[in-house]
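The next block holds one structure in the form of C-alpha cells; read it before the comments.
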Amino acid sequence: MLIEIPLDSKDIKKAKVTLMESAVCWGLVAFEEGVVKSIECFDRREDIDGFVDYAIVAKQGEPIWPMMEESIFVLVAEEGMGLDEVMERFRFKELHEASF
C-alpha cells in the first residue's frame with residue numbers, strides 16, 4: 001500500500017508532517033504487513049506515479065479535493081508530528097478520517 005504525506009524536510013529522519021501549502025516535499029511511504037518498507041521523497045505531489053491508497057495531512061480543512069477525486073482515502077495527523085509517530089498511529093488506526 002502507498003501513503004503520501006506532505007513533509008517539512010527531505011531528511012526522512014527529521015521530517016515532520018506539515019501543511020500541504022508549506023510542504024518542502026511529499027513523502028511516499030510503501031507500507032506492507034504493518035511495516036514501513038520504504039520512503040521516497042518527491043518535490044511535488046504531482047510527481048508521484050501509481051495508485052496511492054492513503055494520504056495523511058496535517059489538519060482538518062486542508063485542500064484535499066484533488067486526492068478525493070483520485071479515490072485516495074485521506075486521514076488527518078497533527079502538524080509537526082514526526083514521520084515515525086504518524087506511521088505508528090496509522091498502523092494502530094489512531095488517525096481520523098478527513099472531513100470537508
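Each chain in the C-alpha cells gets a letter, A, B and so on, in the order shown; residues start at 1 in every chain, and ligands are counted from 1 in the order they appear.
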I need the strand (DSSP E or B) residues of segment 14-63 of chain A per DSSP on the backbone, written as a VMD selection string.
chain A and resid 16 to 17 25 to 32 35 to 42 54 to 57
Counting only C-alpha atoms, what is within 9 Å of segment 67-69 of chain A, bar same-chain residues fewer than 5 positions away, as a ChimeraX atom specification?
/A:54-55,74
Gly27 of chain A: which residues within 7 Å, counting only C-alpha atoms, same-chain residues fewer than 5 positions away excluded, as a list in words?
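Contacts, with the query itself left out: Glu4, Ile5, Pro6, Leu7, Ile39, Glu40, Cys41 and Phe42 of chain A.
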Deliver the residues from the most recent selection as a file, using C-alpha atoms, as a PDB file, in the first residue's frame.
```
ATOM      1  CA  GLU A   4       1.548  10.131   0.596  1.00  0.00           C
ATOM      2  CA  ILE A   5       2.397  12.709   3.259  1.00  0.00           C
ATOM      3  CA  PRO A   6       3.389  16.402   2.988  1.00  0.00           C
ATOM      4  CA  LEU A   7       6.721  16.852   4.791  1.00  0.00           C
ATOM      5  CA  ILE A  39      10.046   6.105   1.885  1.00  0.00           C
ATOM      6  CA  GLU A  40      10.717   8.213  -1.207  1.00  0.00           C
ATOM      7  CA  CYS A  41      10.599  11.998  -1.443  1.00  0.00           C
ATOM      8  CA  PHE A  42       9.071  13.909  -4.348  1.00  0.00           C
TER       9      PHE A  42
END
```
Residue contacts of Val52 of chain A (10 Å, only C-alpha atoms) excluding same-chain residues fewer than 2 positions away, as a list in words
Met1, Leu2, Ile3, Glu4, Leu28, Val29, Ala30, Ile48, Asp49, Gly50, Tyr54, Ala55, Met67, Glu70, Ser71, Ile72 and Phe73 of chain A
Keeping only C-alpha atoms, write those residues as a PDB file, in the first residue's frame.
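Below you can see result_16.pdb, which holds the result:
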```
ATOM      1  CA  MET A   1       0.000   0.000   0.000  1.00  0.00           C
ATOM      2  CA  LEU A   2       1.220   3.515  -0.778  1.00  0.00           C
ATOM      3  CA  ILE A   3       0.715   6.519   1.505  1.00  0.00           C
ATOM      4  CA  GLU A   4       1.548  10.131   0.596  1.00  0.00           C
ATOM      5  CA  LEU A  28       5.627   8.338  -0.463  1.00  0.00           C
ATOM      6  CA  VAL A  29       5.592   5.515   2.073  1.00  0.00           C
ATOM      7  CA  ALA A  30       5.412   1.883   0.983  1.00  0.00           C
ATOM      8  CA  ILE A  48       4.080  10.705  -7.648  1.00  0.00           C
ATOM      9  CA  ASP A  49       3.225   7.906 -10.073  1.00  0.00           C
ATOM     10  CA  GLY A  50       0.997   4.949  -9.423  1.00  0.00           C
ATOM     11  CA  TYR A  54      -3.939   6.884   1.505  1.00  0.00           C
ATOM     12  CA  ALA A  55      -2.897  10.465   2.100  1.00  0.00           C
ATOM     13  CA  MET A  67      -6.955  13.478  -3.548  1.00  0.00           C
ATOM     14  CA  GLU A  70      -8.298  10.298  -7.288  1.00  0.00           C
ATOM     15  CA  SER A  71     -10.112   7.974  -4.825  1.00  0.00           C
ATOM     16  CA  ILE A  72      -7.409   8.428  -2.190  1.00  0.00           C
ATOM     17  CA  PHE A  73      -8.626   7.917   1.368  1.00  0.00           C
TER      18      PHE A  73
END
```
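Between Gly80 of chain A and the candidates A:Val35, A:Leu95, A:Ala58, A:Val24, the tightest atom-to-atom separation, counting only C-alpha atoms, involves A:Ala58.
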Using DSSP on the backbone coordinates, identify all residues within chain A classified as helix (DSSP H, G or I); present the result as a count of residues only.
20
